[in-house]
$ cat run.cif   # mmCIF, C-alpha atoms and all ligand atoms
data_work
#
loop_
_atom_site.label_atom_id
_atom_site.label_comp_id
_atom_site.auth_asym_id
_atom_site.auth_seq_id
_atom_site.Cartn_x
_atom_site.Cartn_y
_atom_site.Cartn_z
CA MET G 213 39.33 -1.41 -41.94
CA GLN G 214 42.55 0.13 -40.71
CA ARG G 215 43.94 0.67 -37.24
CA TYR G 216 46.27 3.46 -36.27
CA GLU G 217 47.69 4.40 -32.95
CA LEU G 218 48.68 7.63 -31.27
CA ALA G 219 51.05 7.99 -28.36
CA GLY G 220 50.43 10.71 -25.82
CA ALA G 221 47.53 13.11 -25.64
CA ASP G 222 46.96 14.28 -29.24
CA ALA G 223 43.69 12.60 -30.02
CA VAL G 224 40.94 14.39 -28.15
CA ARG G 225 38.98 15.73 -31.11
CA ALA G 226 38.94 12.43 -33.00
CA MET G 227 37.81 10.63 -29.84
CA GLN G 228 35.07 13.18 -29.25
CA GLU G 229 33.77 12.88 -32.81
CA LEU G 230 32.96 9.20 -32.32
CA VAL G 231 31.51 9.85 -28.84
CA GLN G 232 29.23 12.54 -30.23
CA ARG G 233 28.22 10.61 -33.36
CA THR G 234 27.18 7.56 -31.36
CA TRP G 235 26.00 9.17 -28.09
CA SER G 236 22.75 8.06 -26.47
CA PRO G 237 21.59 8.11 -22.83
CA ARG G 238 23.03 4.58 -22.66
CA SER G 239 26.59 5.76 -23.42
CA ARG G 240 29.24 5.74 -20.71
CA LEU G 241 31.03 8.79 -22.11
CA HIS G 242 29.96 12.30 -23.11
CA VAL G 243 32.22 14.62 -25.14
CA GLY G 244 32.91 16.44 -21.86
CA ASP G 245 34.30 13.31 -20.19
CA VAL G 246 36.90 13.00 -22.94
CA ALA G 247 37.70 16.72 -22.75
CA TRP G 248 38.10 16.77 -18.97
CA GLU G 249 39.91 13.45 -18.50
CA ARG G 250 42.39 14.01 -21.30
CA ALA G 251 43.02 17.72 -20.68
CA VAL G 252 43.38 17.68 -16.91
CA ASN G 253 45.68 14.63 -16.85
CA SER G 254 47.71 14.88 -20.06
CA GLY G 255 50.52 17.04 -18.59
CA ARG G 256 51.26 14.54 -15.82
CA ARG G 257 50.28 11.20 -17.33
CA GLY G 258 49.90 11.65 -21.07
CA ASP G 259 53.24 10.09 -21.91
CA THR G 260 52.03 6.74 -20.53
CA TRP G 261 48.90 6.67 -22.72
CA ARG G 262 48.26 4.72 -25.90
CA THR G 263 45.21 5.46 -28.01
CA ALA G 264 44.14 3.34 -30.98
CA PHE G 265 41.52 4.09 -33.64
CA TRP G 266 39.70 1.69 -35.96
CA GLU G 267 38.64 3.43 -39.16
CA ASP G 268 36.46 2.14 -41.97
CA GLY G 269 35.50 4.03 -45.13
CA GLY G 270 37.09 7.19 -43.75
CA GLN G 271 35.08 7.05 -40.52
CA VAL G 272 36.28 6.17 -37.04
CA VAL G 273 34.14 3.26 -35.81
CA ALA G 274 35.94 2.53 -32.54
CA TRP G 275 38.71 3.71 -30.27
CA GLY G 276 40.48 2.39 -27.21
CA TRP G 277 42.42 4.41 -24.64
CA ALA G 278 44.91 2.50 -22.49
CA GLU G 279 46.07 4.66 -19.57
CA PRO G 280 48.09 2.47 -19.28
CA ASP G 281 46.47 -0.59 -17.63
CA HIS G 282 42.87 0.66 -17.66
CA LEU G 283 40.93 0.62 -20.91
CA SER G 284 38.24 3.08 -21.93
CA LEU G 285 36.60 2.25 -25.23
CA VAL G 286 33.89 3.58 -27.49
CA VAL G 287 32.50 1.42 -30.29
CA ASP G 288 29.90 2.40 -32.86
CA PRO G 289 26.85 0.27 -31.87
CA GLY G 290 26.37 -0.52 -35.59
CA ARG G 291 29.87 -2.06 -35.62
CA ALA G 292 29.71 -3.97 -32.32
CA GLU G 293 32.05 -6.68 -33.61
CA VAL G 294 34.97 -4.23 -33.50
CA ALA G 295 34.81 -4.25 -29.68
CA GLY G 296 36.66 -7.58 -29.76
CA ASP G 297 39.50 -5.99 -31.77
CA VAL G 298 39.81 -3.14 -29.26
CA ILE G 299 39.91 -5.55 -26.34
CA ASN G 300 42.50 -7.78 -28.08
CA TRP G 301 44.70 -4.73 -28.71
CA PHE G 302 44.49 -3.75 -25.04
CA GLN G 303 45.06 -7.30 -23.85
CA ASP G 304 48.29 -7.49 -25.83
CA LEU G 305 49.47 -4.35 -24.01
CA HIS G 306 48.17 -5.37 -20.56
CA PRO G 307 47.11 -8.99 -20.09
CA ASP G 308 45.93 -8.18 -16.54
CA GLY G 309 44.31 -4.82 -17.24
CA ALA G 310 40.83 -3.60 -16.33
CA CYS G 311 38.07 -1.90 -18.28
CA SER G 312 35.01 0.01 -17.13
CA VAL G 313 31.79 0.36 -19.11
CA LEU G 314 28.22 1.37 -18.37
CA GLU G 315 26.01 -1.60 -17.47
CA ASP G 316 23.67 -0.52 -20.31
CA GLU G 317 26.46 -0.95 -22.89
CA THR G 318 25.50 -4.59 -23.30
CA GLN G 319 27.49 -5.11 -26.50
CA LEU G 320 30.67 -4.06 -24.70
CA VAL G 321 29.81 -6.19 -21.67
CA ASP G 322 29.32 -9.20 -23.98
CA ALA G 323 32.65 -8.58 -25.72
CA LEU G 324 34.51 -8.25 -22.41
CA GLU G 325 32.99 -11.45 -21.02
CA LYS G 326 33.82 -13.27 -24.25
CA ALA G 327 37.44 -12.15 -23.83
CA GLY G 328 37.57 -13.57 -20.31
CA TYR G 329 36.86 -10.49 -18.20
CA GLN G 330 34.63 -10.65 -15.13
CA ALA G 331 32.75 -7.92 -13.30
CA ASP G 332 34.45 -6.82 -10.09
CA ASP G 333 31.47 -6.26 -7.80
CA GLU G 334 33.66 -4.88 -5.00
CA ALA G 335 35.19 -2.08 -7.10
CA PRO G 336 34.05 1.56 -6.77
CA PHE G 337 31.56 2.53 -9.46
CA PHE G 338 29.85 5.60 -10.91
CA THR G 339 26.11 6.12 -11.27
CA HIS G 340 24.80 8.24 -14.12
CA HIS G 341 22.37 10.93 -12.97
CA ARG G 342 20.15 13.10 -15.14
CA ILE G 343 18.14 16.27 -14.68
CA GLU G 344 15.69 17.91 -17.08
CA LEU G 345 16.30 21.66 -17.26
CA SER G 346 12.63 22.64 -17.45
CA ASP G 347 12.17 22.98 -13.69
CA LEU G 348 15.34 24.14 -11.93
CA GLY G 349 15.57 25.52 -8.41
CA THR G 350 16.84 29.05 -7.79
CA PRO G 351 20.53 29.41 -6.84
CA VAL G 352 21.02 31.29 -3.57
CA VAL G 353 24.32 32.24 -1.89
CA PRO G 354 24.95 33.86 1.52
CA ASP G 355 25.35 37.64 1.78
CA GLY G 356 28.73 38.82 0.49
CA PHE G 357 29.22 35.83 -1.84
CA MET G 358 28.73 36.27 -5.58
CA LEU G 359 27.73 33.87 -8.35
CA ARG G 360 29.24 34.44 -11.79
CA HIS G 361 30.98 32.56 -14.54
CA ALA G 362 34.77 32.37 -14.75
CA LYS G 363 36.67 34.49 -17.24
CA PRO G 364 39.18 33.09 -19.73
CA ASP G 365 42.07 34.96 -18.04
CA GLU G 366 41.32 33.52 -14.57
CA VAL G 367 43.19 30.27 -15.09
CA GLN G 368 45.25 30.56 -11.89
CA LYS G 369 42.32 31.33 -9.60
CA ARG G 370 40.30 28.58 -11.26
CA ALA G 371 43.12 26.07 -10.76
CA ALA G 372 43.60 27.15 -7.13
CA ALA G 373 39.88 26.60 -6.47
CA HIS G 374 40.08 23.11 -7.92
CA ARG G 375 43.12 22.23 -5.80
CA ALA G 376 41.41 23.60 -2.66
CA ALA G 377 38.20 21.61 -3.25
CA TRP G 378 40.10 18.33 -3.60
CA SER G 379 42.69 19.09 -0.87
CA ASP G 380 41.14 16.88 1.81
CA LEU G 381 41.19 13.83 -0.48
CA GLY G 382 45.00 14.08 -0.73
CA PRO G 383 47.00 16.91 -2.28
CA SER G 384 45.59 17.66 -5.72
CA LYS G 385 48.22 17.44 -8.46
CA VAL G 386 46.31 19.70 -10.86
CA THR G 387 48.58 22.56 -11.97
CA ASP G 388 47.78 25.91 -13.51
CA GLU G 389 48.98 24.43 -16.82
CA ASP G 390 46.53 21.52 -16.48
CA MET G 391 43.67 23.96 -15.92
CA ALA G 392 44.81 26.06 -18.88
CA ALA G 393 44.61 22.88 -20.98
CA VAL G 394 41.07 22.23 -19.72
CA MET G 395 40.02 25.79 -20.53
CA SER G 396 41.31 25.53 -24.08
CA THR G 397 39.76 22.14 -24.90
CA TRP G 398 36.60 21.93 -26.99
CA PRO G 399 33.74 22.31 -26.01
CA TYR G 400 34.85 24.40 -22.99
CA GLU G 401 33.00 27.70 -22.69
CA SER G 402 33.71 30.07 -19.81
CA GLU G 403 29.98 30.97 -19.82
CA LEU G 404 29.32 27.43 -18.51
CA ASP G 405 32.16 27.44 -15.96
CA TRP G 406 30.61 28.90 -12.82
CA VAL G 407 32.16 30.07 -9.57
CA VAL G 408 31.09 31.37 -6.20
CA GLU G 409 33.36 34.28 -5.36
CA ALA G 410 33.88 34.70 -1.60
CA PRO G 411 33.98 38.17 0.03
CA ASN G 412 37.83 37.96 0.02
CA GLY G 413 37.86 37.35 -3.76
CA GLU G 414 38.67 33.62 -3.59
CA PHE G 415 36.71 31.15 -5.67
CA ALA G 416 35.00 29.17 -2.90
CA ALA G 417 33.07 26.74 -5.13
CA THR G 418 33.05 25.89 -8.83
CA ALA G 419 30.95 23.94 -11.33
CA LEU G 420 31.97 23.26 -14.90
CA ILE G 421 29.50 22.10 -17.56
CA TRP G 422 30.40 20.72 -21.00
CA HIS G 423 27.64 21.27 -23.57
CA ASP G 424 27.04 18.76 -26.35
CA LYS G 425 24.97 20.93 -28.65
CA VAL G 426 24.16 18.12 -31.07
CA HIS G 427 22.30 16.19 -28.38
CA GLY G 428 21.24 19.17 -26.25
CA ILE G 429 22.81 17.71 -23.13
CA GLY G 430 25.39 19.06 -20.72
CA LEU G 431 27.80 17.09 -18.56
CA VAL G 432 28.60 18.49 -15.11
CA GLU G 433 32.29 17.74 -14.47
CA PRO G 434 33.62 18.65 -11.99
CA VAL G 435 32.00 20.43 -9.01
CA GLY G 436 33.97 21.40 -5.92
CA CYS G 437 33.83 23.50 -2.79
CA ALA G 438 36.87 24.29 -0.60
CA PRO G 439 36.66 22.70 2.88
CA ALA G 440 36.49 26.09 4.64
CA TYR G 441 33.28 26.98 2.81
CA ARG G 442 31.35 23.72 2.91
CA ARG G 443 27.74 23.02 4.00
CA GLN G 444 26.53 26.52 3.25
CA GLY G 445 24.81 25.52 0.02
CA LEU G 446 27.59 26.90 -2.22
CA ALA G 447 28.09 23.78 -4.34
CA ALA G 448 24.34 23.43 -4.81
CA ALA G 449 24.07 27.10 -5.79
CA VAL G 450 26.98 27.11 -8.23
CA ASN G 451 25.72 23.92 -9.81
CA LEU G 452 22.22 25.37 -10.25
CA ALA G 453 23.62 28.61 -11.66
CA ALA G 454 25.63 26.65 -14.23
CA LEU G 455 22.53 24.59 -15.10
CA HIS G 456 20.53 27.80 -15.67
CA ALA G 457 23.27 29.01 -18.02
CA LEU G 458 23.16 25.66 -19.81
CA ARG G 459 19.41 25.98 -20.27
CA ASP G 460 19.84 29.54 -21.57
CA ALA G 461 22.33 28.11 -24.09
CA GLY G 462 19.60 25.83 -25.45
CA ALA G 463 20.19 22.48 -23.73
CA LYS G 464 17.28 20.37 -22.51
CA ALA G 465 18.98 18.16 -19.92
CA ALA G 466 22.17 17.58 -17.99
CA MET G 467 23.97 14.57 -16.63
CA VAL G 468 26.56 13.94 -13.96
CA CYS G 469 28.34 10.73 -12.97
CA PRO G 470 29.26 10.70 -9.26
CA ARG G 471 30.47 7.68 -7.32
CA GLY G 472 27.54 5.37 -6.71
CA ASP G 473 29.10 3.14 -4.05
CA ASP G 474 28.69 3.90 -0.38
CA ALA G 475 32.40 4.55 0.17
CA TYR G 476 31.92 8.05 -1.32
CA PRO G 477 28.29 9.21 -0.92
CA THR G 478 28.84 12.99 -0.64
CA ALA G 479 28.79 13.91 -4.32
CA ARG G 480 25.67 11.94 -5.19
CA ALA G 481 23.90 13.44 -2.13
CA LEU G 482 24.72 16.90 -3.49
CA TYR G 483 23.44 16.16 -6.99
CA GLN G 484 20.28 14.42 -5.77
CA SER G 485 19.59 17.38 -3.45
CA ILE G 486 19.21 19.66 -6.49
CA GLY G 487 17.06 17.26 -8.51
CA PHE G 488 19.38 14.89 -10.41
CA ARG G 489 17.91 11.37 -10.54
CA PRO G 490 20.02 8.18 -10.68
CA GLY G 491 20.10 5.81 -13.65
CA ALA G 492 22.55 3.19 -14.91
CA ARG G 493 25.87 2.49 -13.19
CA SER G 494 29.35 1.73 -14.45
CA LYS G 495 31.04 -1.61 -13.89
CA LEU G 496 34.69 -2.49 -13.74
CA TYR G 497 35.69 -5.64 -15.64
CA VAL G 498 38.95 -7.37 -14.75
CA ARG G 499 40.84 -10.33 -16.09
CA ARG G 500 41.80 -12.77 -13.35
C1 LIG U 601 30.73 17.52 -2.61
C2 LIG U 601 30.99 19.00 -2.34
C3 LIG U 601 31.13 19.72 -3.70
C4 LIG U 601 29.81 19.60 -1.56
O1 LIG U 601 30.03 21.00 -1.40
P1 LIG U 601 29.16 21.86 -0.36
O2 LIG U 601 29.25 23.30 -0.77
O3 LIG U 601 29.56 21.53 1.02
O4 LIG U 601 27.70 21.31 -0.63
P2 LIG U 601 26.34 22.09 -0.26
O5 LIG U 601 26.51 22.85 1.03
O6 LIG U 601 25.88 22.86 -1.43
O7 LIG U 601 25.37 20.86 0.00
C5 LIG U 601 24.13 20.71 -0.68
C6 LIG U 601 23.56 19.37 -0.27
O8 LIG U 601 24.42 18.29 -0.69
C7 LIG U 601 24.42 17.25 0.30
N1 LIG U 601 25.74 17.18 0.94
C8 LIG U 601 26.79 18.00 0.75
N2 LIG U 601 27.85 17.60 1.49
C9 LIG U 601 27.46 16.50 2.17
C10 LIG U 601 28.10 15.63 3.08
N3 LIG U 601 29.39 15.82 3.46
N4 LIG U 601 27.40 14.58 3.58
C11 LIG U 601 26.12 14.38 3.21
N5 LIG U 601 25.44 15.18 2.34
C12 LIG U 601 26.11 16.23 1.82
C13 LIG U 601 23.36 17.67 1.32
O9 LIG U 601 22.12 17.17 0.86
C14 LIG U 601 23.43 19.18 1.21
O10 LIG U 601 22.25 19.81 1.67
P3 LIG U 601 22.12 20.15 3.25
O11 LIG U 601 23.40 20.82 3.68
O12 LIG U 601 20.93 21.05 3.30
O13 LIG U 601 21.94 18.83 3.94
C15 LIG U 601 32.30 19.21 -1.50
O14 LIG U 601 32.21 18.38 -0.35
C16 LIG U 601 33.56 18.86 -2.27
O15 LIG U 601 34.11 19.71 -2.98
N6 LIG U 601 34.09 17.63 -2.15
C17 LIG U 601 35.31 17.19 -2.83
C18 LIG U 601 35.15 17.22 -4.33
C19 LIG U 601 33.97 16.37 -4.82
O16 LIG U 601 33.70 15.28 -4.34
N7 LIG U 601 33.23 16.91 -5.83
C20 LIG U 601 32.06 16.24 -6.38
C21 LIG U 601 32.41 15.22 -7.40
S1 LIG U 601 32.93 15.94 -8.94
#

$ encode --input "run.cif" --output "structure tokens"
Amino acid sequence: MQRYELAGADAVRAMQELVQRTWSPRSRLHVGDVAWERAVNSGRRGDTWRTAFWEDGGQVVAWGWAEPDHLSLVVDPGRAEVAGDVINWFQDLHPDGACSVLEDETQLVDALEKAGYQADDEAPFFTHHRIELSDLGTPVVPDGFMLRHAKPDEVQKRAAAHRAAWSDLGPSKVTDEDMAAVMSTWPYESELDWVVEAPNGEFAATALIWHDKVHGIGLVEPVGCAPAYRRQGLAAAVNLAALHALRDAGAKAAMVCPRGDDAYPTARALYQSIGFRPGARSKLYVRR
């Protein structure tokens, strides 16, 4: 087995290959998580990242992403013993770092506990939600608003909509260049990137879905509605419209991973209101 490391952001496709090859409903990450998290943040934070790959017989069997003191890792379940190598690598970089996994990823939980990490039960967490696409509600928007998918040349409007939706949580740092990176990262498809266009032409609400065609499952990430347009059903409608497009593209189900703790209940209320049902949660492991 060999290990190699990449500095910066140039690893998305190799990371996604392992995610897709080993994905199951018990996986923390979907190919869309890797696409979104790496693409939207690489311009501002990529130079602090380290990414290591463990390869055996020409196949990647594990990777770890240190950003810089939080570890994300994916390990082939058939090679669970490599989890210890990933954690050791991270621990050498950051002896006091943290790592989050899905509670269902029991092999990773075992490896973290063996390395001296403990669950932080007070930390924010994310709850996986799933919806089958066989029985979706109908998206409805108020008169004058229009539902459609974004176009590849609408990067600036798309980025402005994202910044507006997150503006009341602190100024969003996402730039037009960050959004351009998102929109050129596999498996982005503008046909699955939906917007509600307001009467003045602004994008009032948006919902982006990443489609893993091997597993027939989409990941909704992210959804937003600008404060001025909230509580009119726009986020629900744009989400449903994107889910219809996902079903038309051949997927059977979709998932979304909103905060599960009570400090941020809004997003999960939205997703549950359109039929997503909660499943496993993530857990943060820290070394004390
Ligand atoms: C979460 C968010 C997208 C909701 O947008 P919205 O257009 O106001 O949502 P909708 O009007 O479509 O709401 C649909 C349902 O979601 C739930 N919901 C939405 N906002 C809520 C809130 N502030 N409190 C409680 N429930 C809420 C309700 O069940 C609502 O139905 P109702 O209005 O009939 O009660 C918006 O507040 C936002 O952009 N927040 C910041 C970004 C974010 O958290 N995105 C989601 C995580 S990726």

$ residues_near_point --input "run.cif" --point "(24.4, 27.6, -26.4)" --cutoff "10 Å" --atoms "all atoms listed in the file" --output "VMD selection string"
chain G and resid 401 403 to 404 423 to 425 428 457 to 463

$ residues_around --input "run.cif" --residues "Gln271 (chain G)" --least-positions-apart "4" --cutoff "9 Å" --atoms "all atoms listed in the file" --output "PyMOL selection string"
chain G and resi 230+266-267

$ write_last_selection --input "run.cif" --atoms "C-alpha atoms" --output "PDB file, in the coordinates of the input"
ATOM      1  CA  LEU G 230      32.960   9.200 -32.320  1.00  0.00           C
ATOM      2  CA  TRP G 266      39.700   1.690 -35.960  1.00  0.00           C
ATOM      3  CA  GLU G 267      38.640   3.430 -39.160  1.00  0.00           C
TER       4      GLU G 267
END

$ residues_around --input "run.cif" --residues "region 231-236 of chain G" --least-positions-apart "2" --cutoff "8 Å" --atoms "all atoms listed in the file" --output "PyMOL selection string"
chain G and resi 227-229+238-239+241-243+286+288-289+424+426-427

$ axis_aligned_box --input "run.cif" --around "region 306-321 of chain G" --padding-each-side "5 Å" --output "AutoDock Vina command-line options"
--center_x 35.9 --center_y -3.8 --center_z -21.4 --size_x 34.5 --size_y 20.4 --size_z 20.2

$ closest_atom_pairs --input "run.cif" --of "chain G" --to "ligand LIG 601 (chain U)" --cutoff "9 Å" --atoms "only C-alpha atoms and all ligand atoms" --output "Markdown table"
| residue | atom | partner | partner_atom | distance |
| --- | --- | --- | --- | --- |
| G:His374 | CA | U:LIG601 | O15 | 8.5 |
| G:Ala376 | CA | U:LIG601 | O15 | 8.3 |
| G:Ala377 | CA | U:LIG601 | O15 | 4.5 |
| G:Trp378 | CA | U:LIG601 | C17 | 5.0 |
| G:Ser379 | CA | U:LIG601 | C17 | 7.9 |
| G:Asp380 | CA | U:LIG601 | C17 | 7.5 |
| G:Leu381 | CA | U:LIG601 | C17 | 7.2 |
| G:Ala416 | CA | U:LIG601 | O2 | 8.5 |
| G:Ala417 | CA | U:LIG601 | O2 | 6.7 |
| G:Thr418 | CA | U:LIG601 | C3 | 8.3 |
| G:Ala419 | CA | U:LIG601 | S1 | 8.6 |
| G:Val432 | CA | U:LIG601 | S1 | 8.0 |
| G:Glu433 | CA | U:LIG601 | S1 | 5.9 |
| G:Pro434 | CA | U:LIG601 | S1 | 4.1 |
| G:Val435 | CA | U:LIG601 | S1 | 4.6 |
| G:Gly436 | CA | U:LIG601 | O15 | 3.4 |
| G:Cys437 | CA | U:LIG601 | O15 | 3.8 |
| G:Ala438 | CA | U:LIG601 | O15 | 5.9 |
| G:Pro439 | CA | U:LIG601 | O14 | 7.0 |
| G:Tyr441 | CA | U:LIG601 | O2 | 6.5 |
| G:Arg442 | CA | U:LIG601 | O3 | 3.4 |
| G:Arg443 | CA | U:LIG601 | O5 | 3.2 |
| G:Gln444 | CA | U:LIG601 | O5 | 4.3 |
| G:Gly445 | CA | U:LIG601 | O6 | 3.2 |
| G:Leu446 | CA | U:LIG601 | O2 | 4.2 |
| G:Ala447 | CA | U:LIG601 | O6 | 3.8 |
| G:Ala448 | CA | U:LIG601 | O6 | 3.8 |
| G:Ala449 | CA | U:LIG601 | O6 | 6.3 |
| G:Val450 | CA | U:LIG601 | O6 | 8.1 |
| G:Asn451 | CA | U:LIG601 | O6 | 8.4 |
| G:Val468 | CA | U:LIG601 | S1 | 8.4 |
| G:Cys469 | CA | U:LIG601 | S1 | 8.0 |
| G:Pro470 | CA | U:LIG601 | C21 | 5.8 |
| G:Arg471 | CA | U:LIG601 | C21 | 7.8 |
| G:Tyr476 | CA | U:LIG601 | O16 | 8.0 |
| G:Pro477 | CA | U:LIG601 | C11 | 7.0 |
| G:Thr478 | CA | U:LIG601 | C10 | 4.6 |
| G:Ala479 | CA | U:LIG601 | C1 | 4.4 |
| G:Arg480 | CA | U:LIG601 | C7 | 7.7 |
| G:Ala481 | CA | U:LIG601 | C7 | 4.5 |
| G:Leu482 | CA | U:LIG601 | O8 | 3.1 |
| G:Tyr483 | CA | U:LIG601 | O8 | 6.7 |
| G:Gln484 | CA | U:LIG601 | O9 | 7.4 |
| G:Ser485 | CA | U:LIG601 | O9 | 5.0 |
| G:Ile486 | CA | U:LIG601 | C6 | 7.6 |

$ atom_distance --input "run.cif" --atom1 "CA of Met467 (chain G)" --atom2 "CA of Trp275 (chain G)"
22.8 Å

$ closest_residue --input "run.cif" --among "G:Gly269, G:Pro307, G:Gly276, G:Gly220" --to "Asn253 (chain G)" --atoms "all atoms listed in the file"
G:Gly220

$ closest_residue --input "run.cif" --among "G:Arg240, G:His306, G:Lys363, G:Arg215" --to "Lys495 (chain G)" --atoms "all atoms listed in the file"
G:Arg240

$ residues_around --input "run.cif" --residues "Phe337 (chain G)" --least-positions-apart "5" --cutoff "6 Å" --atoms "all atoms listed in the file" --output "compact mmCIF listing (two decimals) with C-alpha atoms, in the coordinates of the input"
# COMPACT_ATOMS: atom_id res chain seq x y z
CA ARG G 471 30.47 7.68 -7.32
CA GLY G 472 27.54 5.37 -6.71
CA ASP G 473 29.10 3.14 -4.05
CA SER G 494 29.35 1.73 -14.45

$ closest_residue --input "run.cif" --among "G:Gly491, G:Arg262, G:Met213, G:Gly413" --to "His341 (chain G)" --atoms "only C-alpha atoms"
G:Gly491

$ closest_residue --input "run.cif" --among "G:Ala440, G:Ser284, G:Ala465, G:Glu293" --to "Asp245 (chain G)" --atoms "only C-alpha atoms"
G:Ser284

$ closest_residue --input "run.cif" --among "G:Val294, G:Ile299, G:Val352, G:Ala223" --to "Thr263 (chain G)" --atoms "all atoms listed in the file"
G:Ala223

$ atom_distance --input "run.cif" --atom1 "CA of Phe415 (chain G)" --atom2 "CA of Ile343 (chain G)"
25.4 Å

$ atom_distance --input "run.cif" --atom1 "CA of Leu320 (chain G)" --atom2 "CA of Arg256 (chain G)"
29.1 Å

$ residues_around --input "run.cif" --residues "region 393-396 of chain G" --least-positions-apart "3" --cutoff "8 Å" --atoms "all atoms listed in the file" --output "list in words"
Ala247, Trp248, Ala251, Val252, Pro364, Val367, Glu389, Asp390, Tyr400, Glu401 and Ser402 of chain G

$ write_last_selection --input "run.cif" --atoms "C-alpha atoms" --output "mmCIF file, in the frame of the given file"
data_model
loop_
_atom_site.group_PDB
_atom_site.id
_atom_site.type_symbol
_atom_site.label_atom_id
_atom_site.label_comp_id
_atom_site.auth_asym_id
_atom_site.auth_seq_id
_atom_site.Cartn_x
_atom_site.Cartn_y
_atom_site.Cartn_z
ATOM 1 C CA ALA G 247 37.700 16.720 -22.750
ATOM 2 C CA TRP G 248 38.100 16.770 -18.970
ATOM 3 C CA ALA G 251 43.020 17.720 -20.680
ATOM 4 C CA VAL G 252 43.380 17.680 -16.910
ATOM 5 C CA PRO G 364 39.180 33.090 -19.730
ATOM 6 C CA VAL G 367 43.190 30.270 -15.090
ATOM 7 C CA GLU G 389 48.980 24.430 -16.820
ATOM 8 C CA ASP G 390 46.530 21.520 -16.480
ATOM 9 C CA TYR G 400 34.850 24.400 -22.990
ATOM 10 C CA GLU G 401 33.000 27.700 -22.690
ATOM 11 C CA SER G 402 33.710 30.070 -19.810
#

$ closest_residue --input "run.cif" --among "G:Glu414, G:Arg257, G:Tyr216, G:Asp297" --to "Val386 (chain G)" --atoms "only C-alpha atoms"
G:Arg257

$ residues_around --input "run.cif" --residues "Ala454 (chain G)" --least-positions-apart "6" --cutoff "8 Å" --atoms "all atoms listed in the file" --output "list in words"
His361, Leu404, Asp405, Trp406, Ala419, Leu420 and Ile421 of chain G

$ build_atoms --input "run.cif" --residues "region 292-296 of chain G" --atoms "all heavy atoms" --output "PDB file, in the coordinates of the input"
ATOM      1  N   ALA G 292      29.406  -3.394 -33.641  1.00  0.00           N
ATOM      2  CA  ALA G 292      29.710  -3.970 -32.320  1.00  0.00           C
ATOM      3  C   ALA G 292      30.836  -4.986 -32.367  1.00  0.00           C
ATOM      4  O   ALA G 292      31.565  -5.172 -31.388  1.00  0.00           O
ATOM      5  CB  ALA G 292      28.447  -4.609 -31.750  1.00  0.00           C
ATOM      6  N   GLU G 293      31.020  -5.637 -33.534  1.00  0.00           N
ATOM      7  CA  GLU G 293      32.050  -6.680 -33.610  1.00  0.00           C
ATOM      8  C   GLU G 293      33.463  -6.126 -33.420  1.00  0.00           C
ATOM      9  O   GLU G 293      34.383  -6.867 -33.041  1.00  0.00           O
ATOM     10  CB  GLU G 293      31.937  -7.444 -34.946  1.00  0.00           C
ATOM     11  CG  GLU G 293      32.467  -6.721 -36.190  1.00  0.00           C
ATOM     12  CD  GLU G 293      31.554  -5.616 -36.728  1.00  0.00           C
ATOM     13  OE1 GLU G 293      30.485  -5.378 -36.147  1.00  0.00           O
ATOM     14  OE2 GLU G 293      31.938  -4.985 -37.738  1.00  0.00           O
ATOM     15  N   VAL G 294      33.629  -4.818 -33.633  1.00  0.00           N
ATOM     16  CA  VAL G 294      34.970  -4.230 -33.500  1.00  0.00           C
ATOM     17  C   VAL G 294      35.407  -4.165 -32.029  1.00  0.00           C
ATOM     18  O   VAL G 294      36.600  -4.050 -31.727  1.00  0.00           O
ATOM     19  CB  VAL G 294      35.019  -2.831 -34.177  1.00  0.00           C
ATOM     20  CG1 VAL G 294      36.445  -2.284 -34.191  1.00  0.00           C
ATOM     21  CG2 VAL G 294      34.482  -2.899 -35.592  1.00  0.00           C
ATOM     22  N   ALA G 295      34.453  -4.269 -31.112  1.00  0.00           N
ATOM     23  CA  ALA G 295      34.810  -4.250 -29.680  1.00  0.00           C
ATOM     24  C   ALA G 295      35.841  -5.321 -29.370  1.00  0.00           C
ATOM     25  O   ALA G 295      36.774  -5.093 -28.578  1.00  0.00           O
ATOM     26  CB  ALA G 295      33.558  -4.435 -28.821  1.00  0.00           C
ATOM     27  N   GLY G 296      35.705  -6.491 -29.993  1.00  0.00           N
ATOM     28  CA  GLY G 296      36.660  -7.580 -29.760  1.00  0.00           C
ATOM     29  C   GLY G 296      38.064  -7.190 -30.194  1.00  0.00           C
ATOM     30  O   GLY G 296      39.050  -7.526 -29.522  1.00  0.00           O
TER      31      GLY G 296
END
